[in-house]
Structure formats: structure tokens, C-alpha cells
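Colleague: File work-v4.txt follows (compact mmCIF, N, CA and C atoms):
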# COMPACT_ATOMS: atom_id res chain seq x y z
N MET D 1 115.73 2.67 153.53
CA MET D 1 116.80 2.08 152.75
C MET D 1 116.94 2.86 151.45
N GLN D 2 118.11 2.72 150.87
CA GLN D 2 118.33 3.35 149.57
C GLN D 2 119.38 2.57 148.80
N TYR D 3 119.44 2.84 147.50
CA TYR D 3 120.46 2.27 146.64
C TYR D 3 120.86 3.34 145.63
N VAL D 4 121.93 3.07 144.88
CA VAL D 4 122.41 3.97 143.85
C VAL D 4 122.04 3.36 142.50
N GLU D 5 121.39 4.15 141.67
CA GLU D 5 121.05 3.69 140.32
C GLU D 5 122.09 4.23 139.35
N ILE D 6 122.59 3.35 138.48
CA ILE D 6 123.47 3.75 137.39
C ILE D 6 122.62 3.63 136.13
N TYR D 7 122.36 4.76 135.48
CA TYR D 7 121.48 4.76 134.32
C TYR D 7 122.13 5.55 133.19
N ALA D 8 121.62 5.37 131.97
CA ALA D 8 122.11 6.10 130.81
C ALA D 8 121.00 7.04 130.32
N ASP D 9 121.39 8.25 129.97
CA ASP D 9 120.42 9.19 129.42
C ASP D 9 120.17 8.88 127.95
N ASP D 10 119.38 9.72 127.28
CA ASP D 10 119.01 9.47 125.88
C ASP D 10 120.21 9.50 124.93
N GLU D 11 121.30 10.14 125.35
CA GLU D 11 122.50 10.17 124.53
C GLU D 11 123.48 9.05 124.87
N GLY D 12 123.10 8.17 125.81
CA GLY D 12 123.96 7.05 126.18
C GLY D 12 125.01 7.37 127.21
N VAL D 13 124.94 8.56 127.84
CA VAL D 13 125.90 8.93 128.88
C VAL D 13 125.37 8.41 130.22
N SER D 14 126.21 7.69 130.95
CA SER D 14 125.77 7.12 132.22
C SER D 14 125.94 8.12 133.37
N HIS D 15 125.06 7.95 134.37
CA HIS D 15 125.02 8.83 135.54
C HIS D 15 124.67 8.01 136.77
N PHE D 16 124.89 8.59 137.95
CA PHE D 16 124.43 8.03 139.22
C PHE D 16 123.20 8.82 139.67
N ARG D 17 122.31 8.15 140.41
CA ARG D 17 121.28 8.85 141.17
C ARG D 17 120.93 8.00 142.38
N ASP D 18 120.68 8.68 143.50
CA ASP D 18 120.31 8.00 144.73
C ASP D 18 118.80 7.78 144.73
N VAL D 19 118.40 6.57 145.08
CA VAL D 19 116.99 6.20 145.07
C VAL D 19 116.59 5.69 146.45
N ALA D 20 115.53 6.25 147.00
CA ALA D 20 114.98 5.76 148.27
C ALA D 20 114.02 4.62 147.97
N VAL D 21 114.13 3.55 148.74
CA VAL D 21 113.25 2.39 148.56
C VAL D 21 111.92 2.69 149.25
N GLU D 22 110.85 2.60 148.49
CA GLU D 22 109.52 2.81 149.07
C GLU D 22 109.00 1.47 149.58
N SER D 23 108.41 1.49 150.76
CA SER D 23 107.88 0.26 151.34
C SER D 23 106.60 0.55 152.09
N THR D 24 105.82 -0.49 152.29
CA THR D 24 104.58 -0.38 153.04
C THR D 24 104.51 -1.53 154.03
N PRO D 25 103.84 -1.32 155.16
CA PRO D 25 103.73 -2.40 156.14
C PRO D 25 102.80 -3.50 155.65
N GLY D 26 103.11 -4.70 156.06
CA GLY D 26 102.27 -5.84 155.71
C GLY D 26 102.61 -7.03 156.59
N GLU D 27 101.73 -8.01 156.57
CA GLU D 27 101.96 -9.22 157.35
C GLU D 27 102.78 -10.20 156.53
N SER D 28 103.72 -10.84 157.20
CA SER D 28 104.59 -11.80 156.53
C SER D 28 104.36 -13.20 157.06
N VAL D 29 104.49 -13.35 158.35
CA VAL D 29 104.36 -14.67 158.98
C VAL D 29 103.54 -14.54 160.26
N PRO D 30 102.23 -14.36 160.11
CA PRO D 30 101.40 -14.22 161.32
C PRO D 30 101.65 -15.40 162.26
N PRO D 31 101.69 -15.20 163.54
CA PRO D 31 101.24 -14.04 164.29
C PRO D 31 102.33 -13.00 164.53
N ALA D 32 103.46 -13.07 163.84
CA ALA D 32 104.52 -12.07 164.01
C ALA D 32 103.98 -10.69 163.64
N LEU D 33 104.58 -9.68 164.21
CA LEU D 33 104.18 -8.31 163.91
C LEU D 33 104.42 -7.98 162.43
N PRO D 34 103.68 -7.02 161.88
CA PRO D 34 103.90 -6.62 160.48
C PRO D 34 105.33 -6.10 160.27
N ILE D 35 105.78 -6.21 159.05
CA ILE D 35 107.09 -5.69 158.63
C ILE D 35 106.90 -4.84 157.39
N GLU D 36 107.94 -4.13 156.99
CA GLU D 36 107.87 -3.28 155.80
C GLU D 36 108.30 -4.08 154.57
N PHE D 37 107.58 -3.90 153.45
CA PHE D 37 107.88 -4.56 152.18
C PHE D 37 108.02 -3.52 151.08
N SER D 38 108.99 -3.70 150.22
CA SER D 38 109.03 -2.94 148.97
C SER D 38 108.34 -3.80 147.91
N PRO D 39 107.99 -3.23 146.77
CA PRO D 39 107.45 -4.06 145.70
C PRO D 39 108.49 -5.11 145.27
N PHE D 40 108.04 -6.29 144.93
CA PHE D 40 108.93 -7.35 144.47
C PHE D 40 109.00 -7.33 142.95
N ARG D 41 110.15 -7.76 142.41
CA ARG D 41 110.37 -7.88 140.97
C ARG D 41 110.77 -9.30 140.65
N ALA D 42 110.39 -9.76 139.48
CA ALA D 42 110.84 -11.07 139.01
C ALA D 42 112.33 -11.00 138.67
N ALA D 43 113.05 -12.07 138.95
CA ALA D 43 114.48 -12.14 138.64
C ALA D 43 114.73 -13.33 137.73
N THR D 44 115.72 -13.19 136.85
CA THR D 44 116.09 -14.29 135.97
C THR D 44 117.31 -15.04 136.47
N GLY D 45 118.02 -14.45 137.43
CA GLY D 45 119.19 -15.13 137.96
C GLY D 45 119.73 -14.40 139.17
N VAL D 46 120.40 -15.15 140.02
CA VAL D 46 121.09 -14.59 141.16
C VAL D 46 122.37 -15.38 141.34
N GLY D 47 123.46 -14.69 141.64
CA GLY D 47 124.73 -15.39 141.78
C GLY D 47 125.71 -14.60 142.62
N PHE D 48 126.72 -15.32 143.08
CA PHE D 48 127.80 -14.73 143.86
C PHE D 48 128.97 -14.43 142.93
N VAL D 49 129.62 -13.30 143.13
CA VAL D 49 130.73 -12.87 142.29
C VAL D 49 131.90 -12.50 143.20
N SER D 50 133.11 -12.93 142.84
CA SER D 50 134.31 -12.55 143.56
C SER D 50 135.30 -11.97 142.56
N MET D 51 135.65 -10.70 142.77
CA MET D 51 136.60 -10.01 141.89
C MET D 51 137.87 -9.77 142.69
N PRO D 52 139.02 -10.21 142.18
CA PRO D 52 140.27 -10.11 142.94
C PRO D 52 140.73 -8.66 143.10
N PRO D 53 141.62 -8.41 144.08
CA PRO D 53 142.19 -7.07 144.24
C PRO D 53 142.80 -6.60 142.92
N GLU D 54 142.66 -5.32 142.65
CA GLU D 54 143.20 -4.68 141.45
C GLU D 54 142.49 -5.07 140.16
N TRP D 55 141.37 -5.82 140.25
CA TRP D 55 140.60 -6.16 139.06
C TRP D 55 140.02 -4.89 138.45
N VAL D 56 140.08 -4.81 137.11
CA VAL D 56 139.54 -3.65 136.39
C VAL D 56 138.62 -4.14 135.28
N GLY D 57 137.42 -3.58 135.26
CA GLY D 57 136.48 -3.81 134.16
C GLY D 57 136.39 -2.52 133.36
N ASP D 58 137.11 -2.48 132.23
CA ASP D 58 137.10 -1.27 131.42
C ASP D 58 135.66 -0.91 131.05
N TRP D 59 135.45 0.17 130.36
CA TRP D 59 134.10 0.65 130.04
C TRP D 59 133.26 -0.48 129.46
N HIS D 60 132.10 -0.69 130.06
CA HIS D 60 131.23 -1.79 129.64
C HIS D 60 129.79 -1.52 130.08
N GLN D 61 128.87 -2.19 129.44
CA GLN D 61 127.48 -2.20 129.87
C GLN D 61 127.26 -3.46 130.71
N PRO D 62 126.33 -3.42 131.65
CA PRO D 62 126.05 -4.63 132.43
C PRO D 62 125.40 -5.69 131.55
N PRO D 63 125.55 -6.98 131.91
CA PRO D 63 124.95 -8.05 131.11
C PRO D 63 123.42 -8.05 131.16
N ALA D 64 122.86 -7.48 132.21
CA ALA D 64 121.41 -7.38 132.39
C ALA D 64 121.15 -6.29 133.41
N GLU D 65 119.93 -5.75 133.41
CA GLU D 65 119.57 -4.83 134.49
C GLU D 65 119.49 -5.65 135.76
N GLY D 66 119.97 -5.10 136.86
CA GLY D 66 119.88 -5.83 138.12
C GLY D 66 120.60 -5.15 139.26
N TYR D 67 120.32 -5.65 140.45
CA TYR D 67 120.95 -5.14 141.66
C TYR D 67 122.28 -5.83 141.91
N VAL D 68 123.22 -5.09 142.51
CA VAL D 68 124.48 -5.64 142.99
C VAL D 68 124.60 -5.26 144.46
N PHE D 69 124.82 -6.25 145.32
CA PHE D 69 124.97 -6.06 146.76
C PHE D 69 126.41 -6.35 147.13
N VAL D 70 127.09 -5.43 147.79
CA VAL D 70 128.49 -5.62 148.17
C VAL D 70 128.52 -6.30 149.54
N LEU D 71 129.12 -7.49 149.59
CA LEU D 71 129.27 -8.23 150.84
C LEU D 71 130.57 -7.86 151.54
N SER D 72 131.65 -7.68 150.75
CA SER D 72 132.94 -7.28 151.32
C SER D 72 133.80 -6.70 150.22
N GLY D 73 134.88 -6.04 150.62
CA GLY D 73 135.75 -5.39 149.67
C GLY D 73 135.25 -4.00 149.32
N LYS D 74 135.93 -3.38 148.36
CA LYS D 74 135.59 -2.01 147.95
C LYS D 74 135.70 -1.90 146.44
N VAL D 75 134.63 -1.38 145.84
CA VAL D 75 134.56 -1.24 144.38
C VAL D 75 134.39 0.24 144.05
N GLN D 76 135.10 0.68 143.03
CA GLN D 76 134.96 2.05 142.55
C GLN D 76 134.35 2.01 141.16
N ILE D 77 133.34 2.84 140.93
CA ILE D 77 132.69 2.90 139.62
C ILE D 77 132.73 4.33 139.12
N GLU D 78 133.12 4.49 137.86
CA GLU D 78 133.06 5.78 137.17
C GLU D 78 131.99 5.69 136.10
N VAL D 79 131.15 6.72 136.02
CA VAL D 79 130.12 6.77 134.99
C VAL D 79 130.52 7.77 133.92
N GLY D 80 129.76 7.80 132.83
CA GLY D 80 130.11 8.58 131.66
C GLY D 80 130.21 10.08 131.86
N ASP D 81 129.51 10.62 132.86
CA ASP D 81 129.60 12.06 133.11
C ASP D 81 130.82 12.43 133.94
N GLY D 82 131.67 11.44 134.29
CA GLY D 82 132.90 11.69 135.03
C GLY D 82 132.81 11.50 136.53
N GLU D 83 131.59 11.33 137.07
CA GLU D 83 131.45 11.13 138.52
C GLU D 83 131.98 9.75 138.91
N ILE D 84 132.63 9.69 140.05
CA ILE D 84 133.18 8.45 140.58
C ILE D 84 132.62 8.23 141.99
N ARG D 85 132.16 7.01 142.25
CA ARG D 85 131.69 6.66 143.60
C ARG D 85 132.34 5.35 144.03
N GLN D 86 132.44 5.19 145.34
CA GLN D 86 132.99 3.97 145.93
C GLN D 86 131.89 3.23 146.67
N PHE D 87 131.90 1.91 146.56
CA PHE D 87 130.89 1.05 147.15
C PHE D 87 131.58 0.05 148.07
N THR D 88 131.17 0.03 149.34
CA THR D 88 131.76 -0.85 150.34
C THR D 88 130.68 -1.79 150.89
N GLN D 89 131.07 -2.60 151.85
CA GLN D 89 130.17 -3.57 152.46
C GLN D 89 128.83 -2.92 152.82
N GLY D 90 127.74 -3.54 152.36
CA GLY D 90 126.41 -3.03 152.62
C GLY D 90 125.86 -2.13 151.52
N SER D 91 126.71 -1.71 150.59
CA SER D 91 126.25 -0.86 149.49
C SER D 91 125.44 -1.67 148.48
N ILE D 92 124.53 -0.98 147.82
CA ILE D 92 123.71 -1.59 146.78
C ILE D 92 123.66 -0.63 145.59
N TRP D 93 123.83 -1.18 144.38
CA TRP D 93 123.57 -0.36 143.20
C TRP D 93 122.72 -1.15 142.23
N LEU D 94 122.05 -0.41 141.36
CA LEU D 94 121.20 -0.98 140.32
C LEU D 94 121.81 -0.64 138.97
N HIS D 95 122.18 -1.68 138.22
CA HIS D 95 122.71 -1.49 136.86
C HIS D 95 121.55 -1.22 135.92
N ARG D 96 121.54 -0.07 135.26
CA ARG D 96 120.52 0.21 134.26
C ARG D 96 121.12 0.89 133.03
N ASP D 97 122.43 1.04 132.96
CA ASP D 97 123.07 1.74 131.84
C ASP D 97 123.35 0.76 130.70
N ARG D 98 122.29 0.32 130.06
CA ARG D 98 122.38 -0.73 129.04
C ARG D 98 122.54 -0.19 127.62
N ASN D 99 122.70 1.13 127.48
CA ASN D 99 123.00 1.70 126.17
C ASN D 99 124.15 2.69 126.36
N GLY D 100 124.84 2.98 125.29
CA GLY D 100 125.97 3.90 125.38
C GLY D 100 127.23 3.21 125.87
N ARG D 101 128.11 4.00 126.45
CA ARG D 101 129.44 3.54 126.86
C ARG D 101 129.42 2.67 128.11
N GLY D 102 128.41 2.86 128.97
CA GLY D 102 128.35 2.09 130.21
C GLY D 102 129.14 2.76 131.31
N HIS D 103 129.86 1.95 132.08
CA HIS D 103 130.60 2.43 133.24
C HIS D 103 131.93 1.69 133.35
N HIS D 104 132.82 2.21 134.19
CA HIS D 104 134.14 1.62 134.41
C HIS D 104 134.19 1.17 135.87
N THR D 105 134.60 -0.07 136.10
CA THR D 105 134.60 -0.65 137.44
C THR D 105 136.01 -1.06 137.82
N ARG D 106 136.34 -0.86 139.11
CA ARG D 106 137.67 -1.22 139.60
C ARG D 106 137.56 -1.66 141.06
N VAL D 107 138.25 -2.75 141.42
CA VAL D 107 138.35 -3.15 142.83
C VAL D 107 139.49 -2.35 143.43
N ILE D 108 139.21 -1.63 144.52
CA ILE D 108 140.23 -0.77 145.12
C ILE D 108 140.58 -1.21 146.55
N SER D 109 140.15 -2.40 146.94
CA SER D 109 140.50 -2.92 148.26
C SER D 109 141.66 -3.91 148.13
N ASP D 110 142.32 -4.18 149.25
CA ASP D 110 143.40 -5.15 149.28
C ASP D 110 142.87 -6.58 149.29
N GLU D 111 141.58 -6.71 149.48
CA GLU D 111 140.93 -8.02 149.47
C GLU D 111 139.99 -8.10 148.27
N ALA D 112 139.59 -9.30 147.93
CA ALA D 112 138.63 -9.48 146.84
C ALA D 112 137.32 -8.78 147.18
N ALA D 113 136.65 -8.28 146.15
CA ALA D 113 135.32 -7.73 146.33
C ALA D 113 134.34 -8.88 146.12
N LYS D 114 133.54 -9.16 147.13
CA LYS D 114 132.56 -10.24 147.07
C LYS D 114 131.18 -9.60 146.96
N LEU D 115 130.45 -10.01 145.93
CA LEU D 115 129.19 -9.38 145.57
C LEU D 115 128.10 -10.43 145.39
N VAL D 116 126.86 -10.00 145.46
CA VAL D 116 125.71 -10.78 145.02
C VAL D 116 125.06 -9.99 143.91
N MET D 117 124.82 -10.65 142.77
CA MET D 117 124.15 -10.00 141.64
C MET D 117 122.79 -10.64 141.43
N VAL D 118 121.77 -9.80 141.25
CA VAL D 118 120.41 -10.25 140.93
C VAL D 118 120.05 -9.65 139.58
N MET D 119 119.80 -10.50 138.60
CA MET D 119 119.50 -10.03 137.25
C MET D 119 118.01 -10.07 136.98
N PHE D 120 117.52 -9.04 136.28
CA PHE D 120 116.11 -8.94 135.93
C PHE D 120 115.89 -9.28 134.46
N PRO D 121 114.69 -9.75 134.12
CA PRO D 121 114.40 -10.01 132.71
C PRO D 121 114.36 -8.70 131.93
N ASP D 122 114.69 -8.77 130.64
CA ASP D 122 114.58 -7.59 129.78
C ASP D 122 113.11 -7.21 129.66
N GLU D 123 112.85 -5.91 129.74
CA GLU D 123 111.47 -5.43 129.65
C GLU D 123 111.17 -4.92 128.27
Have the structure of the file written as C-alpha cells, please.
Modeller:
Amino acid sequence: MQYVEIYADDEGVSHFRDVAVESTPGESVPPALPIEFSPFRAATGVGFVSMPPEWVGDWHQPPAEGYVFVLSGKVQIEVGDGEIRQFTQGSIWLHRDRNGRGHHTRVISDEAAKLVMVMFPDE
């Protein structure tokens, strides 16, 4: 598995980077066979978000560091270095650009973009 991290460098310019999820086998519900686990993180909140077609979030920082899972629709994000990526059903990104200009978000599907957001405590 993998996700896209949106982070800010020391000058506050945001960028994308692809991150592979590291996992190890372990038992979950014996006697079932082992499954793969990534490290778990504490979360301060989880919620469902629905953004209508043509919704635009001008340059902004995320409210908290956290994962966003796309359930349906299509979202386009531009970061400070000018790169633009599109996120569709099954995509995951991690918001970490909490300093500087942040990123620009736009719904580019004809349907609402339905997301799940998981927020982490400030470290």
C-alpha cells in the first residue's frame, strides 16, 4: 500500500511525495491466519466530508495533520512548488503542510467528493 504525503519544506513551500506503507505480519483474531499491520497512530478525530462539484478551497493549511481517504468523486490538489495531482476513489493522502502557504484544493468531478478524514494530535 502507499499514500501521498503533502508536506512543507523549511521555507514553507509545499510538495508531494509518495510513501510506501511499511507493515509486518501479526496475529489479529486467532485462530485466523496472520495479517499485515502497519504501526498505529493515535487520532483526535475522524469524520466524513462531502464537498460539492466545483468546490474550491483556495490556498490553505490543513486544520490538523491527518489522512484523507477518497470514497468517491475526484479531487485535484496543487502544492506550492506548482505540481498538481488528482485523487480518485481509493486514493489516500496525508496532510502535513502546516506551515507556509499550504495547498489549493478543487473538486473536479461532476459528483460530490466524499472523503473520510482522520486527524492526529499535534506533536
Colleague: Find the residues near region 52-58 of chain D: any atom within 7 Å, counting all atoms listed in the file, skip ones fewer than 3 places away on the same chain, and give them as a list in words.
Modeller: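 Result of the neighbour search: His103, His104, Thr105, Arg106, Val107, Ile108, Ser109, Asp110, Glu111, Ala112 and Ala113 of chain D.
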Colleague: How many Å lie between atom N of Phe40 (chain D) and CA of Val79 (chain D), rounded to one decimal?
Modeller: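 CA of Val79 (chain D) lies 27.5 Å from atom N of Phe40 (chain D).
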Colleague: Please measure the separation of CA of Asp122 (chain D) and atom N of Ala43 (chain D), giving the value in Å to one decimal.
Modeller: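 For CA of Asp122 (chain D) relative to atom N of Ala43 (chain D), the distance reads 10.3 Å.
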Colleague: Show which residues sit within 7 Å of Phe37 (chain D), as a list in words. Count only N, CA and C atoms, and ignore same-chain residues fewer than 6 positions away.
Modeller: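 Here the answer would be Glu22, Ser23, Thr24, Pro25 and Gly26 of chain D.
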Colleague: Using only N, CA and C atoms, please write the residues we just selected to a file, as a PDB file, in the frame of the given file.
Modeller:
ATOM      1  N   GLU D  22     110.850   2.600 148.490  1.00  0.00           N
ATOM      2  CA  GLU D  22     109.520   2.810 149.070  1.00  0.00           C
ATOM      3  C   GLU D  22     109.000   1.470 149.580  1.00  0.00           C
ATOM      4  N   SER D  23     108.410   1.490 150.760  1.00  0.00           N
ATOM      5  CA  SER D  23     107.880   0.260 151.340  1.00  0.00           C
ATOM      6  C   SER D  23     106.600   0.550 152.090  1.00  0.00           C
ATOM      7  N   THR D  24     105.820  -0.490 152.290  1.00  0.00           N
ATOM      8  CA  THR D  24     104.580  -0.380 153.040  1.00  0.00           C
ATOM      9  C   THR D  24     104.510  -1.530 154.030  1.00  0.00           C
ATOM     10  N   PRO D  25     103.840  -1.320 155.160  1.00  0.00           N
ATOM     11  CA  PRO D  25     103.730  -2.400 156.140  1.00  0.00           C
ATOM     12  C   PRO D  25     102.800  -3.500 155.650  1.00  0.00           C
ATOM     13  N   GLY D  26     103.110  -4.700 156.060  1.00  0.00           N
ATOM     14  CA  GLY D  26     102.270  -5.840 155.710  1.00  0.00           C
ATOM     15  C   GLY D  26     102.610  -7.030 156.590  1.00  0.00           C
TER      16      GLY D  26
END
Colleague: Taking into account all atoms listed in the file, which residue in the set D:Gln2, D:Thr44, D:Ser28, D:Ser38 is nearest to Val118 (chain D)?
Modeller: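 So, comparing all the options, the nearest one is D:Thr44.
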Colleague: Figure out the distance between CA of Ala8 (chain D) and CA of Lys74 (chain D), please, to one decimal in Å.
Modeller: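 Computing it gives 23.3 Å between the two atoms.
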Colleague: Ranking D:Asp97, D:Glu36, D:Glu83, D:Glu78 by minimum distance to Asp9 (chain D) and counting all atoms listed in the file, which one comes first?
Modeller: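 Closest residue, counting all atoms listed in the file: D:Asp97.
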Colleague: Within 8 Å of Gln89 (chain D), counting all atoms listed in the file, which residues qualify if same-chain residues fewer than 2 places away don't, as an NGL selection string?
Modeller: :D and (69-75 or 86-87 or 91-92)
Colleague: Return the single residue from D:Met119, D:Val13, D:Ile6, D:Lys114 that is closest to Val49 (chain D), with distances computed using only N, CA and C atoms.
Modeller: D:Lys114
